Amino acid sequence: MNAILEVLKATIPAGTPLLLGALGEIYVERSGILNLGVEGIMIMGAVSAFGVTAITGNVWLGVILSALIGGGMSLIHAFNSITLKANQTLSGLALTMLGLGLSGLIGKRYIGMPLPNKIYNLPILGLKDIPLLGPVLFDQDPIVYISYILAFVFWFFLFNTRFGLELRSVGESPDVADSAGIDVFRIQYLAVFIGGIMAGLGGAYLSVFYAPAWIEGMTAGMGWIVLAITIFSLWRPERAVVGSYLFGGIRVLQYKLQPFGISPNILNMLPFIFTILVLMLASKEISRKKISAPSSLGIPYFREKIT
Amino acid sequence: MTRRYSNSFLSILVIILGFLAVYLISGVRPDIILKSIVISAFGSVYGLSETLTKSIPLVLCGLGLSLSFKASIWNIGAEGQLLMGAVGATWVVLYLMPNAPRLILILAMFLMGAILGGIWALITAILKVKFNLNEIIVSLMMNYIAIEFVNYLVYGPWKSPYEWGFPYSTKFPLSAQLSRISDTRIHYPTLILAIILAISLYIVLNKTKLGYEIRVIGDNIEAARYAGLDIPKIVLVVLLLSGGLAGLAGVGEVAGIHHRLRVASGISPGYGYTAVIVAWLGRLNPLLIILVSFLFGGLLVGGDAIQVSLGLPGATINFVNGLILIFVLVQSVSKARISYVRKRKK
Amino acid sequence: MEKILQMKGITKRFGNIVANDKIDFELNRGEIHGLLGENGAGKTTLMNILYGLYLPDEGEIYINGTKVDIKSPHDAIEFGISMVHQNFKLIQSHTVVENVALGLRDTRFFYPTRLIEKKIKNFSQKYNFKIDPNTPVWQLSAGEKQRVEIIKAFCRDAKIFILDEPTTMLTPNETRELFRLLRLLKEEGISIILITHKLDEVIEVCDRVTVLRGGKKVDTVEIGKVDKEELTRMMFGQDIVLKGRDRYMGNFGEDLALEVKDLTVLNDKGLVAVKGVSFDIHRGEILGIAGVSGNGQKELIEAITGLRKAIKGSIKILGEDVTNMGVKEILNRRVAHIPEERVRMGIVPSMSLEENAILKSYDKSPFSNGLMLDHGIISGYAKELISKYGISALDEKVPAGTLSGGNIQKLILARELSVSPILIIASHPTQGLDVRSTRQIHELLLRKKEEGCAILLVSEDLQELINLSDRIAVMFNGSIKGIMDIDRVNIEEIGALMVGV
C-alpha cells in the first residue's frame, strides 16, 4: 500500500513538466498553429531557470525569467508561421535545434553545479491529511499546486470565456473568425506566446524543482511527448491532466523497475513506446467519436484570396 | 525587387542575431568561430577529406528524407533508420555470416542495413496508414527507441569481451571493413553508392511512374484519391525506400569508419537531423543534395574543431543548424506571402 | 429618402483583371436593394469591399454622409454593416449561440453566451421561427444556417445587411420564409442589399435594383418602373431568348450504360446519405439530378466512381457489376468523372499542365511502359488537347494551378473526355464559370451525348439541367423523387420535390 502511494506521489511531479507544456500546446494548436519547437523551448526554459537560480539564489526569479524566455522564443515561431506563413513543421524543428544548441552553449558552465538552495515540499495543511489523496496531491512543491490551478484556469478560459471562444474559432476556421471582426493574428500570436511561456515553465520545473540539476539535453524527448499528450487530450485541458500523469507514472515506473535487473536502456524506451501506444488509442477514439483536430491546424491563414 | 530585399534582409538579420547570441554567451568572437570552421573544414587536404567523409551519411539520409518530403510525408526518423542500418550491418558481420567472402559480406551488410532501416521506417508508415498517426511524432519516437536499442546492444548482449569494458561490439574482421582512399577516412564504396543513388533517385522522381505518383500525392492527395492512386501502397513504398537509404548510411559508418557497433551518439552526431536541413536546402533535388551535404559535412567538421580549439560545446553546431534552417525557411517564403505582409503593414 | 450608404467611383483590380470599374452605388434607409448581374459581373467584389474584405484601389465610401475607411470586417461591423455570405461564415463544430456570440463585440468576457441565448429566443419568437441555440451548426439545414447568419447580423444591431446569393442553397419554401423575414426587417428601418443573378427574386422582393455587367455599373432603377425584359437586357447587354435547345433525340439504343439499384451509401459521419436509390441511364442520354446540395448527391457520385463504399445495392456499367470496385477499376471501364471541386480534387496545382493531362492515364501506354514515363509523347499529347479544347495557356509546361477557373475546367474535361468514355459523371460542371466557358462546356457535353455517351449531370442550376437533360430526377434527403421526361417537366413540380413534398 505504502509503495503504491509512494509511486503515485512521485508520479505527480514527474508529470508536471509535461502538464505545463501540454496545457500551453493545447492553446497553440487550438489557435491553428502547430508548434513542434516545444522540445527546444523547454530546454531553454530549463537552462535559463537553472542559470538564474544559480546566480541570484532566487528560484522564483529563475522561474519567471524562464517563462519569459520561453514566450520570447516562441515568438520566433509565431513570426515564421503567422506573419511569414512559412512551413510550420520546419519552423518548429528549427526552434528545437536552436534551443538544444543554445542551451548547450549557455549551460556548459552549470554542468555539475548544485543549486544554492534546496526546494522543499509545501504540504497544505488540512488537505494533506485527506486519506490517500492528501499525501499524494497536497504534499508537493509549489509549482505542482500552480499547475493544478493553471489546469483549471486553462480549461475554464477555453470553454467559458470570450477569449476561449475566439481562440477555438480561430483554430477551427480563421476566415469565419476574421469576418466576425476578430483579429486572427493577434489571437494566434497570443496563443503561441502562452504556449511558449508554459513550455518554458515546464523546462524550469524540470531543472530547478524536479532534477534539480542542469544536464545537457535533459528534456530528452519530453517536448515530443508533450505533443503526443496534446493529441491524446483531444485538445482538452482536463484530459491533458490525465495524459501527463500517465506519462509521469511511466517515468516513475522506469526508476522503480531498475533494481529488478532490467536493462536501463530498455526501460528508457518505455515512454517512447508508450507514446506510440497512446497515440493509437487517441486515434481510435478520434475516429469513433468523429472528432478532429482544430480544422485549420498547421495551415497558414491568408485573407485575400485572388481567384 | 523590394520583396527580394526584405527577404534577404530578414535572413541576414537571423544570422547576425544568431552569431551575436553566440558571442554574448560564449565570449568567442563570431568571426573567429567562422574562420575556425572554414579553415578546419575546407582549408587543408585533411579537412577536406574529413568533410567528404562526413558528407557521405548526409547524402544518403538527405536523399531518403527528400523522397519522403516530396510525397509530403514528414519522416523525421532518418536518425533512427541510420542506426538500425548500423545494427543490420553488425548483425551480418558478427553473427549471421562472419566467414563469408569479402564481396558477399559487404553486399550482405548493405542489404541488411537497407532492410532494417527500411523496416524501421515502415513501422512509421504502417502506423500512419493504418491508424492515421502523425508521422512526425512517431518517426521521432522511433529515433529515441533506436538510440536506446543500439545502446542496449553495446552495453548488453553484443558487448565485446575484448574491449576493456568499453561499450563496443567486437571489432569487424578486415573482410568487412570498407576500403578507404589512402590514409583518409573516406570509405569510397559508400560514397560511390551514394552518388549513384542520387542520380537514380533523380531519374526515379522525374522520369518514372513511381516518381509521378509520389509527386501527385505530395502536392494534392485529394487529386490522388480521385485519380485512383493506391495511396497506402505508395506511402509504404516511399518510407521503405526512404528508411533503406538512411540504413545504408548507417552501414557506411560502422563498416567504413568505426569497424564496430558503439553507442548511438558515437555512430551519429545527429546526421539524421542535419539531413532534414540538407534535404530542404537542396530543395528536395537529389543532385543539389550532394552539394549541400558537402557544405554541411564541413559544418560538422568545423563543429568538432571549435569544440577542441575554442572550447565551445558540441551543441553549438545544433544552434548553427537551427539558424540555417530558419534562414532556409525565410528564403523559401513565397512571393505572395511577402507581398501580403507588406500590405498588412501598410 | 434618406441615403444611408454611398459608394463612389469604386475600382478594384486583381492583376490585369478589373473586377470593379468606377462603380457608384447608393442605398436608402429601409429599402431592399437588389444587386443584379451575371456570375463575374463584380457584385461580390463590390460587397467584399464594402465589408472590408478587400481594399479598393480607388473610390470612396460614405455612411450617413460621412466618409469612412473600411479596412477590415471589424471596421464594417463598427459602421453597422453585416454580411451573410453565400458560403455561410459559421463554425461547424460550434453551437448556434457560440456562433452568434462570436460575431458580437460587446459580449461579457466570462460566459459570453449566456445573455445571447435569451436574445436568440426573443428573436425567433418575434419573427416566428424555431431554432435551438445549443445545437451544433453542422446539424442544421441550409435554411436554418442562414437564419443563424441573420440573427448574427441582427444581434449586432446592423443597419445594413448584405445577403450574397441567399437563395442558392434554399428550397422554394425556405426562400419564401426568407423573403417574409426580409420584409419584416425592412419595416424596422433596416436596409438590405440582395446580391443575386435571379431576376424573379429581384422583382419579387426588391424596391430598387442596381445592375452590374462586366465590372461596370449599368444603372439603378426602381422595380415598379421596369419589366423583366428590360432587366434582362441590362444584365446581358442584348436581348436573349430563353428557349429550349434543339434537342437531339437520337436512338439511345438498348444499351443501359449505367444501372443503379437500391443503392445505400453512408457519409463521412457514418449516417445514411443515399437511401436505396435506383435509376438507369441509356447510351446517348443525359440524366439530370436536381436538388439542393447536401442531399446525398456527393455521396452518390462518390459511390459510382469508386471513391466511397456502398453498404447495400448494386451499380452496373454496361451490364457488368462494378459495385465497390476501386477507383482505378471503374476508370478502366471508361468512366469519366468531372469533380465538383475542380481545384481541390481535379488537378495537381504545382505540376505542369501536361502532367495533369495524364493524371488518369499516366500508367498506361503510350505514356508509360510500366516503369518509365515518356515525356516526349506526353508533351505532344498535351499540345493536342490544348488546341483541341481551346485551353488558353502559355504552353504545356506551366503549372496547372496558374490557369483560370474556366481553363482548369477545360483541362479536366479534355483529360476526362479523351478516354472516349461510355459514362460521364459531371458534378456542377459550370459552377462559378463565365458565360463563354459555360456555353463551351455545355456544347462539349451535348456532343459527347450525340456520340453515344451516357451522362449523369448533377447541378443546382435548374436552367442548366433543363437545357441539357433528357430526363430529370430530383434528389432529396438521400432519395430520388420521381424521374421525369424533359417534355413533361414542370418547374413547380421539381420545386415541390426538392422540398420533399
# chains A, B, ... in the order shown; residues from 1 in each chain; ligands from 1
call {"tool": "closest_atom_pairs", "arguments": {"of": "chain A", "to": "chain B", "cutoff": "6 Å", "atoms": "only C-alpha atoms", "output": "JSON lines"}}
result
{"residue": "A:Ala86", "atom": "CA", "partner": "B:Val333", "partner_atom": "CA", "distance": 5.7}
{"residue": "A:Ala94", "atom": "CA", "partner": "B:Gly322", "partner_atom": "CA", "distance": 4.5}
{"residue": "A:Met97", "atom": "CA", "partner": "B:Gly322", "partner_atom": "CA", "distance": 4.8}
{"residue": "A:Leu98", "atom": "CA", "partner": "B:Phe319", "partner_atom": "CA", "distance": 4.4}
{"residue": "A:Gly101", "atom": "CA", "partner": "B:Phe319", "partner_atom": "CA", "distance": 4.0}
{"residue": "A:Leu102", "atom": "CA", "partner": "B:Phe319", "partner_atom": "CA", "distance": 5.7}
{"residue": "A:Gly104", "atom": "CA", "partner": "B:Ala315", "partner_atom": "CA", "distance": 5.2}
{"residue": "A:Leu105", "atom": "CA", "partner": "B:Pro313", "partner_atom": "CA", "distance": 5.9}
{"residue": "A:Asn265", "atom": "CA", "partner": "B:Glu148", "partner_atom": "CA", "distance": 5.1}
{"residue": "A:Met269", "atom": "CA", "partner": "B:Ile145", "partner_atom": "CA", "distance": 5.3}
{"residue": "A:Phe272", "atom": "CA", "partner": "B:Met141", "partner_atom": "CA", "distance": 5.3}
call {"tool": "interface_residues", "arguments": {"of": "chain C", "to": "chain A", "cutoff": "9 Å", "atoms": "only C-alpha atoms", "output": "NGL selection string"}}
result
:C and (14-15 or 51-54 or 72-77 or 83 or 88-94 or 98-99 or 101-105 or 107-113 or 268-270 or 404-405)
call {"tool": "write_last_selection", "arguments": {"atoms": "N, CA and C atoms", "output": "short mmCIF file (atom, residue, chain, number, x, y, z; two decimals), in the first residue's frame"}}
result
data_model
loop_
_atom_site.label_atom_id
_atom_site.label_comp_id
_atom_site.auth_asym_id
_atom_site.auth_seq_id
_atom_site.Cartn_x
_atom_site.Cartn_y
_atom_site.Cartn_z
N PHE C 14 -7.61 42.84 -59.88
CA PHE C 14 -6.84 41.67 -59.48
C PHE C 14 -5.89 41.37 -60.63
N GLY C 15 -4.61 41.73 -60.45
CA GLY C 15 -3.69 41.56 -61.56
C GLY C 15 -4.16 42.41 -62.72
N TYR C 51 -17.53 45.40 -47.17
CA TYR C 51 -17.41 44.68 -45.90
C TYR C 51 -15.96 44.61 -45.40
N GLY C 52 -15.06 45.28 -46.12
CA GLY C 52 -13.68 45.35 -45.62
C GLY C 52 -12.84 44.12 -45.89
N LEU C 53 -13.34 43.20 -46.71
CA LEU C 53 -12.54 42.02 -47.01
C LEU C 53 -11.49 42.33 -48.08
N TYR C 54 -11.85 43.23 -48.99
CA TYR C 54 -10.89 43.73 -49.97
C TYR C 54 -10.73 45.23 -49.76
N SER C 72 -11.27 46.53 -42.63
CA SER C 72 -11.44 45.14 -42.21
C SER C 72 -12.91 44.93 -41.89
N PRO C 73 -13.34 43.67 -41.82
CA PRO C 73 -14.72 43.40 -41.43
C PRO C 73 -15.03 44.03 -40.07
N HIS C 74 -14.03 44.08 -39.23
CA HIS C 74 -14.20 44.72 -37.93
C HIS C 74 -14.72 46.14 -38.10
N ASP C 75 -14.05 46.90 -38.98
CA ASP C 75 -14.49 48.27 -39.25
C ASP C 75 -15.92 48.27 -39.77
N ALA C 76 -16.19 47.36 -40.71
CA ALA C 76 -17.51 47.32 -41.33
C ALA C 76 -18.57 47.11 -40.26
N ILE C 77 -18.31 46.20 -39.35
CA ILE C 77 -19.28 45.90 -38.30
C ILE C 77 -19.49 47.13 -37.42
N MET C 83 -22.69 41.08 -43.20
CA MET C 83 -22.76 40.35 -44.46
C MET C 83 -23.13 38.90 -44.22
N PHE C 88 -21.84 30.04 -45.85
CA PHE C 88 -22.08 30.62 -44.54
C PHE C 88 -20.80 30.71 -43.74
N LYS C 89 -20.61 31.86 -43.09
CA LYS C 89 -19.44 32.04 -42.26
C LYS C 89 -19.77 31.55 -40.86
N LEU C 90 -19.97 30.26 -40.76
CA LEU C 90 -20.30 29.68 -39.47
C LEU C 90 -19.27 28.62 -39.15
N ILE C 91 -19.03 28.42 -37.87
CA ILE C 91 -18.09 27.39 -37.48
C ILE C 91 -18.88 26.13 -37.16
N GLN C 92 -18.65 25.10 -37.96
CA GLN C 92 -19.49 23.91 -37.93
C GLN C 92 -19.54 23.25 -36.55
N SER C 93 -18.40 23.23 -35.87
CA SER C 93 -18.37 22.47 -34.62
C SER C 93 -18.90 23.30 -33.44
N HIS C 94 -19.09 24.60 -33.63
CA HIS C 94 -19.64 25.43 -32.56
C HIS C 94 -21.16 25.35 -32.57
N GLU C 98 -22.87 29.99 -29.78
CA GLU C 98 -21.45 30.34 -29.84
C GLU C 98 -21.15 31.10 -31.12
N ASN C 99 -21.77 30.67 -32.21
CA ASN C 99 -21.56 31.36 -33.47
C ASN C 99 -22.08 32.79 -33.42
N ALA C 101 -22.48 34.60 -30.66
CA ALA C 101 -21.65 35.34 -29.71
C ALA C 101 -20.34 35.78 -30.35
N LEU C 102 -19.81 34.91 -31.17
CA LEU C 102 -18.54 35.19 -31.82
C LEU C 102 -18.59 36.49 -32.61
N GLY C 103 -19.73 36.71 -33.26
CA GLY C 103 -19.85 37.88 -34.11
C GLY C 103 -20.14 39.16 -33.35
N LEU C 104 -20.37 39.07 -32.07
CA LEU C 104 -20.69 40.27 -31.30
C LEU C 104 -19.45 40.78 -30.58
N ARG C 105 -19.28 42.10 -30.60
CA ARG C 105 -18.09 42.65 -29.98
C ARG C 105 -18.25 42.85 -28.49
N THR C 107 -19.85 41.21 -26.01
CA THR C 107 -20.27 40.18 -25.07
C THR C 107 -19.43 40.29 -23.81
N ARG C 108 -19.95 39.73 -22.74
CA ARG C 108 -19.18 39.73 -21.49
C ARG C 108 -17.99 38.80 -21.67
N PHE C 109 -16.95 39.04 -20.88
CA PHE C 109 -15.76 38.20 -21.00
C PHE C 109 -16.04 36.80 -20.47
N PHE C 110 -16.65 36.74 -19.29
CA PHE C 110 -16.98 35.43 -18.74
C PHE C 110 -18.36 34.99 -19.22
N TYR C 111 -18.49 33.71 -19.53
CA TYR C 111 -19.76 33.17 -20.02
C TYR C 111 -20.37 34.06 -21.10
N PRO C 112 -19.68 34.24 -22.21
CA PRO C 112 -20.15 35.20 -23.21
C PRO C 112 -21.48 34.80 -23.85
N THR C 113 -21.85 33.54 -23.75
CA THR C 113 -23.04 33.11 -24.50
C THR C 113 -24.34 33.25 -23.69
N ASP C 268 -19.51 10.84 -44.38
CA ASP C 268 -18.33 10.82 -43.52
C ASP C 268 -18.67 10.64 -42.05
N LYS C 269 -19.83 11.09 -41.67
CA LYS C 269 -20.21 10.99 -40.27
C LYS C 269 -20.84 9.65 -39.95
N GLY C 270 -20.91 8.76 -40.95
CA GLY C 270 -21.47 7.44 -40.72
C GLY C 270 -22.98 7.39 -40.77
N SER C 404 -6.75 29.86 -65.22
CA SER C 404 -8.00 30.41 -64.69
C SER C 404 -9.00 29.28 -64.47
N GLY C 405 -10.06 29.57 -63.73
CA GLY C 405 -11.06 28.56 -63.42
C GLY C 405 -11.62 27.88 -64.65
#
call {"tool": "closest_atom_pairs", "arguments": {"of": "chain B", "to": "chain C", "cutoff": "6 Å", "atoms": "only C-alpha atoms", "output": "tab-separated table"}}
result
residue	atom	partner	partner_atom	distance
B:Lys207	CA	C:Leu373	CA	5.5
B:Thr208	CA	C:Met372	CA	4.0
B:Lys209	CA	C:Leu371	CA	5.6
B:Asn220	CA	C:Val348	CA	5.5
B:Glu222	CA	C:Met345	CA	5.2
B:Ala223	CA	C:Met345	CA	4.4
B:Ala227	CA	C:Lys360	CA	5.5
B:Gly228	CA	C:Val327	CA	4.7
call {"tool": "atom_distance", "arguments": {"atom1": "atom CA of B:Arg283", "atom2": "atom CA of C:Val398"}}
result
19.3 Å
call {"tool": "atom_distance", "arguments": {"atom1": "atom CA of A:Gly196", "atom2": "atom CA of A:Tyr255"}}
result
29.3 Å
call {"tool": "residues_around", "arguments": {"residues": "A:Asp139", "least_positions_apart": "4", "cutoff": "9 Å", "atoms": "only C-alpha atoms", "output": "PDB file with N, CA and C atoms, in the first residue's frame"}}
result
ATOM      1  N   LYS A   9       2.643   9.363  -5.513  1.00  0.00           N
ATOM      2  CA  LYS A   9       3.131  10.667  -5.076  1.00  0.00           C
ATOM      3  C   LYS A   9       4.261  11.147  -5.984  1.00  0.00           C
ATOM      4  N   ASN A 121       9.117  20.561  -0.184  1.00  0.00           N
ATOM      5  CA  ASN A 121       7.681  20.446  -0.420  1.00  0.00           C
ATOM      6  C   ASN A 121       6.931  21.344   0.544  1.00  0.00           C
ATOM      7  N   LEU A 122       5.777  21.736   0.128  1.00  0.00           N
ATOM      8  CA  LEU A 122       4.982  22.678   0.888  1.00  0.00           C
ATOM      9  C   LEU A 122       3.638  22.009   1.150  1.00  0.00           C
ATOM     10  N   PRO A 123       3.561  21.187   2.212  1.00  0.00           N
ATOM     11  CA  PRO A 123       2.292  20.484   2.438  1.00  0.00           C
ATOM     12  C   PRO A 123       1.191  21.489   2.755  1.00  0.00           C
ATOM     13  N   ILE A 124       0.029  21.254   2.217  1.00  0.00           N
ATOM     14  CA  ILE A 124      -1.080  22.163   2.504  1.00  0.00           C
ATOM     15  C   ILE A 124      -1.830  21.632   3.712  1.00  0.00           C
ATOM     16  N   LEU A 127      -5.569  19.831   3.899  1.00  0.00           N
ATOM     17  CA  LEU A 127      -5.807  18.996   2.722  1.00  0.00           C
ATOM     18  C   LEU A 127      -4.897  17.767   2.701  1.00  0.00           C
ATOM     19  N   LYS A 128      -3.692  17.926   3.230  1.00  0.00           N
ATOM     20  CA  LYS A 128      -2.747  16.819   3.098  1.00  0.00           C
ATOM     21  C   LYS A 128      -3.137  15.630   3.971  1.00  0.00           C
ATOM     22  N   GLY A 134      -4.691  12.964   0.000  1.00  0.00           N
ATOM     23  CA  GLY A 134      -3.984  14.066   0.656  1.00  0.00           C
ATOM     24  C   GLY A 134      -2.487  14.037   0.437  1.00  0.00           C
ATOM     25  N   PRO A 135      -1.844  13.002   0.912  1.00  0.00           N
ATOM     26  CA  PRO A 135      -0.379  12.976   0.762  1.00  0.00           C
ATOM     27  C   PRO A 135       0.072  12.920  -0.697  1.00  0.00           C
TER      28      PRO A 135
END
call {"tool": "residues_around", "arguments": {"residues": "A:Arg236", "least_positions_apart": "2", "cutoff": "10 Å", "atoms": "only C-alpha atoms", "output": "ChimeraX atom specification"}}
result
/A:22-23,26-27,30,154-155,158-159,230-234,238-241
call {"tool": "residues_around", "arguments": {"residues": "B:Arg185", "least_positions_apart": "6", "cutoff": "8 Å", "atoms": "only C-alpha atoms", "output": "number ranges by chain"}}
result
B: 49-50, 53, 256-257
call {"tool": "write_last_selection", "arguments": {"atoms": "C-alpha atoms", "output": "mmCIF file, in the first residue's frame"}}
result
data_model
loop_
_atom_site.group_PDB
_atom_site.id
_atom_site.type_symbol
_atom_site.label_atom_id
_atom_site.label_comp_id
_atom_site.auth_asym_id
_atom_site.auth_seq_id
_atom_site.Cartn_x
_atom_site.Cartn_y
_atom_site.Cartn_z
ATOM 1 C CA SER B 49 38.839 14.604 -46.592
ATOM 2 C CA GLU B 50 37.034 14.707 -43.251
ATOM 3 C CA THR B 53 33.709 11.624 -45.071
ATOM 4 C CA GLY B 256 33.753 2.291 -43.138
ATOM 5 C CA ILE B 257 34.742 4.239 -40.038
#
call {"tool": "residues_around", "arguments": {"residues": "C:Ala158", "least_positions_apart": "4", "cutoff": "7 Å", "atoms": "only C-alpha atoms", "output": "ChimeraX atom specification"}}
result
/C:80-82,153-154
call {"tool": "select_by_dssp", "arguments": {"residues": "stretch 234-468 of chain C", "states": "alpha helix (DSSP H)", "output": "number ranges by chain"}}
result
C: 234-236, 297-304, 327-331, 353-357, 375-389, 405-417, 435-450, 462-468
call {"tool": "write_last_selection", "arguments": {"atoms": "C-alpha atoms", "output": "tab-separated table (two decimals), in the first residue's frame"}}
result
chain	number	residue	atom	x	y	z
C	234	MET	CA	-29.40	45.40	-68.80
C	235	MET	CA	-27.87	42.25	-67.39
C	236	PHE	CA	-26.75	40.66	-70.63
C	297	GLN	CA	-25.56	13.88	-54.49
C	298	LYS	CA	-21.91	13.94	-53.47
C	299	GLU	CA	-22.06	10.53	-51.84
C	300	LEU	CA	-23.99	9.08	-54.81
C	301	ILE	CA	-21.31	10.24	-57.23
C	302	GLU	CA	-18.53	9.00	-54.99
C	303	ALA	CA	-20.13	5.56	-54.81
C	304	ILE	CA	-20.47	5.34	-58.59
C	327	VAL	CA	-11.46	3.94	-58.48
C	328	LYS	CA	-8.97	2.61	-61.00
C	329	GLU	CA	-11.05	-0.42	-61.96
C	330	ILE	CA	-14.07	1.76	-62.60
C	331	LEU	CA	-11.93	4.24	-64.51
C	353	LEU	CA	-0.38	21.15	-67.47
C	354	GLU	CA	0.98	18.16	-69.41
C	355	GLU	CA	1.47	16.12	-66.27
C	356	ASN	CA	-2.08	16.94	-65.24
C	357	ALA	CA	-3.33	15.87	-68.64
C	375	HIS	CA	7.76	12.82	-71.70
C	376	GLY	CA	8.02	13.35	-75.45
C	377	ILE	CA	4.71	11.63	-76.10
C	378	ILE	CA	3.10	13.23	-73.04
C	379	SER	CA	4.02	16.72	-74.17
C	380	GLY	CA	2.77	16.10	-77.71
C	381	TYR	CA	-0.46	14.76	-76.32
C	382	ALA	CA	-0.90	17.80	-74.08
C	383	LYS	CA	-0.35	20.17	-77.00
C	384	GLU	CA	-3.03	18.33	-78.91
C	385	LEU	CA	-5.52	18.73	-76.03
C	386	ILE	CA	-4.67	22.42	-75.65
C	387	SER	CA	-5.55	23.18	-79.25
C	388	LYS	CA	-8.48	20.79	-79.48
C	389	TYR	CA	-10.23	22.10	-76.36
C	405	GLY	CA	-11.06	28.56	-63.42
C	406	GLY	CA	-12.53	28.14	-66.88
C	407	ASN	CA	-9.29	26.81	-68.30
C	408	ILE	CA	-8.83	24.42	-65.40
C	409	GLN	CA	-12.29	23.04	-66.10
C	410	LYS	CA	-11.47	22.72	-69.80
C	411	LEU	CA	-8.28	20.89	-68.92
C	412	ILE	CA	-10.23	18.49	-66.72
C	413	LEU	CA	-12.83	17.94	-69.44
C	414	ALA	CA	-10.13	17.42	-72.03
C	415	ARG	CA	-8.49	14.81	-69.86
C	416	GLU	CA	-11.71	13.06	-68.94
C	417	LEU	CA	-13.32	13.08	-72.36
C	435	VAL	CA	-20.85	32.62	-69.76
C	436	ARG	CA	-18.45	31.73	-72.54
C	437	SER	CA	-16.82	28.82	-70.75
C	438	THR	CA	-20.22	27.61	-69.62
C	439	ARG	CA	-21.50	27.55	-73.20
C	440	GLN	CA	-18.40	25.72	-74.43
C	441	ILE	CA	-18.77	23.11	-71.74
C	442	HIS	CA	-22.46	22.61	-72.50
C	443	GLU	CA	-21.63	22.12	-76.17
C	444	LEU	CA	-18.96	19.58	-75.30
C	445	LEU	CA	-21.34	17.57	-73.15
C	446	LEU	CA	-24.04	17.60	-75.84
C	447	ARG	CA	-21.55	16.47	-78.46
C	448	LYS	CA	-20.48	13.56	-76.28
C	449	LYS	CA	-24.10	12.60	-75.84
C	450	GLU	CA	-24.57	12.57	-79.58
C	462	LEU	CA	-32.21	24.27	-62.92
C	463	GLN	CA	-31.82	26.15	-66.18
C	464	GLU	CA	-28.72	24.14	-67.00
C	465	LEU	CA	-30.49	20.89	-66.22
C	466	ILE	CA	-33.48	21.78	-68.37
C	467	ASN	CA	-31.29	22.85	-71.27
C	468	LEU	CA	-29.20	19.70	-71.28
call {"tool": "select_by_dssp", "arguments": {"residues": "stretch 324-482 of chain C", "states": "strand (DSSP E)", "output": "list of chain:residue names"}}
result
C:Val335, C:Ala336, C:His337, C:Ile338, C:Leu423, C:Ile424, C:Ile425, C:Ala426, C:Ser427, C:Ala454, C:Ile455, C:Leu456, C:Leu457, C:Val458, C:Arg471, C:Ile472, C:Ala473, C:Val474, C:Met475, C:Phe476, C:Ser479, C:Ile480, C:Lys481, C:Gly482
call {"tool": "residues_around", "arguments": {"residues": "B:Val251", "least_positions_apart": "2", "cutoff": "9 Å", "atoms": "only C-alpha atoms", "output": "PyMOL selection string"}}
result
chain B and resi 82-90+109-110+112-114+190+247-249+253-256
call {"tool": "write_last_selection", "arguments": {"atoms": "C-alpha atoms", "output": "short mmCIF file (atom, residue, chain, number, x, y, z; two decimals), in the first residue's frame"}}
result
data_model
loop_
_atom_site.label_atom_id
_atom_site.label_comp_id
_atom_site.auth_asym_id
_atom_site.auth_seq_id
_atom_site.Cartn_x
_atom_site.Cartn_y
_atom_site.Cartn_z
CA LEU B 82 20.54 5.10 -39.88
CA LEU B 83 21.19 3.47 -36.52
CA MET B 84 19.14 0.42 -37.45
CA GLY B 85 21.20 0.17 -40.63
CA ALA B 86 24.31 0.10 -38.46
CA VAL B 87 22.73 -2.64 -36.35
CA GLY B 88 21.91 -4.60 -39.51
CA ALA B 89 25.49 -4.45 -40.76
CA THR B 90 26.89 -5.50 -37.40
CA MET B 109 25.88 -5.80 -44.96
CA PHE B 110 24.49 -3.09 -47.20
CA MET B 112 20.67 -5.96 -44.36
CA GLY B 113 21.32 -2.32 -43.37
CA ALA B 114 18.87 -1.14 -46.00
CA THR B 190 29.70 4.15 -49.78
CA GLY B 247 20.04 2.50 -43.33
CA LEU B 248 22.80 2.41 -45.96
CA ALA B 249 24.33 5.46 -44.28
CA GLU B 253 29.52 4.48 -40.69
CA VAL B 254 30.12 1.16 -38.91
CA ALA B 255 31.81 -0.68 -41.79
CA GLY B 256 33.75 2.29 -43.14
#
call {"tool": "atom_distance", "arguments": {"atom1": "atom CA of C:Val226", "atom2": "atom CA of C:Arg213"}}
result
17.4 Å
call {"tool": "closest_residue", "arguments": {"among": "B:Val308, B:Val93, B:Val301, B:Leu241", "to": "B:Leu122", "atoms": "only C-alpha atoms"}}
result
B:Leu241
call {"tool": "closest_atom_pairs", "arguments": {"of": "stretch 220-290 of chain A", "to": "stretch 31-50 of chain A", "cutoff": "10 Å", "atoms": "only C-alpha atoms", "output": "JSON lines"}}
result
{"residue": "A:Ala220", "atom": "CA", "partner": "A:Glu39", "partner_atom": "CA", "distance": 8.3}
{"residue": "A:Gly221", "atom": "CA", "partner": "A:Glu39", "partner_atom": "CA", "distance": 6.6}
{"residue": "A:Met222", "atom": "CA", "partner": "A:Glu39", "partner_atom": "CA", "distance": 6.5}
{"residue": "A:Gly223", "atom": "CA", "partner": "A:Glu39", "partner_atom": "CA", "distance": 3.7}
{"residue": "A:Trp224", "atom": "CA", "partner": "A:Glu39", "partner_atom": "CA", "distance": 6.3}
{"residue": "A:Ile225", "atom": "CA", "partner": "A:Glu39", "partner_atom": "CA", "distance": 8.9}
{"residue": "A:Val226", "atom": "CA", "partner": "A:Val38", "partner_atom": "CA", "distance": 7.6}
{"residue": "A:Leu227", "atom": "CA", "partner": "A:Leu36", "partner_atom": "CA", "distance": 7.5}
call {"tool": "write_last_selection", "arguments": {"atoms": "N, CA and C atoms", "output": "short mmCIF file (atom, residue, chain, number, x, y, z; two decimals), in the first residue's frame"}}
result
data_model
loop_
_atom_site.label_atom_id
_atom_site.label_comp_id
_atom_site.auth_asym_id
_atom_site.auth_seq_id
_atom_site.Cartn_x
_atom_site.Cartn_y
_atom_site.Cartn_z
N ALA A 220 15.32 15.36 -23.13
CA ALA A 220 15.35 14.00 -23.69
C ALA A 220 14.03 13.56 -24.30
N GLY A 221 13.48 14.39 -25.14
CA GLY A 221 12.26 13.97 -25.86
C GLY A 221 10.96 14.35 -25.18
N MET A 222 11.04 15.00 -23.99
CA MET A 222 9.78 15.36 -23.31
C MET A 222 8.93 16.31 -24.15
N GLY A 223 9.58 17.18 -24.89
CA GLY A 223 8.85 18.11 -25.73
C GLY A 223 7.99 17.37 -26.75
N TRP A 224 8.52 16.27 -27.24
CA TRP A 224 7.76 15.49 -28.22
C TRP A 224 6.63 14.75 -27.55
N ILE A 225 6.89 14.31 -26.32
CA ILE A 225 5.82 13.63 -25.59
C ILE A 225 4.69 14.62 -25.29
N VAL A 226 5.06 15.88 -25.03
CA VAL A 226 4.04 16.91 -24.83
C VAL A 226 3.13 16.98 -26.05
N LEU A 227 3.73 16.91 -27.23
CA LEU A 227 2.92 16.98 -28.45
C LEU A 227 1.99 15.77 -28.55
#
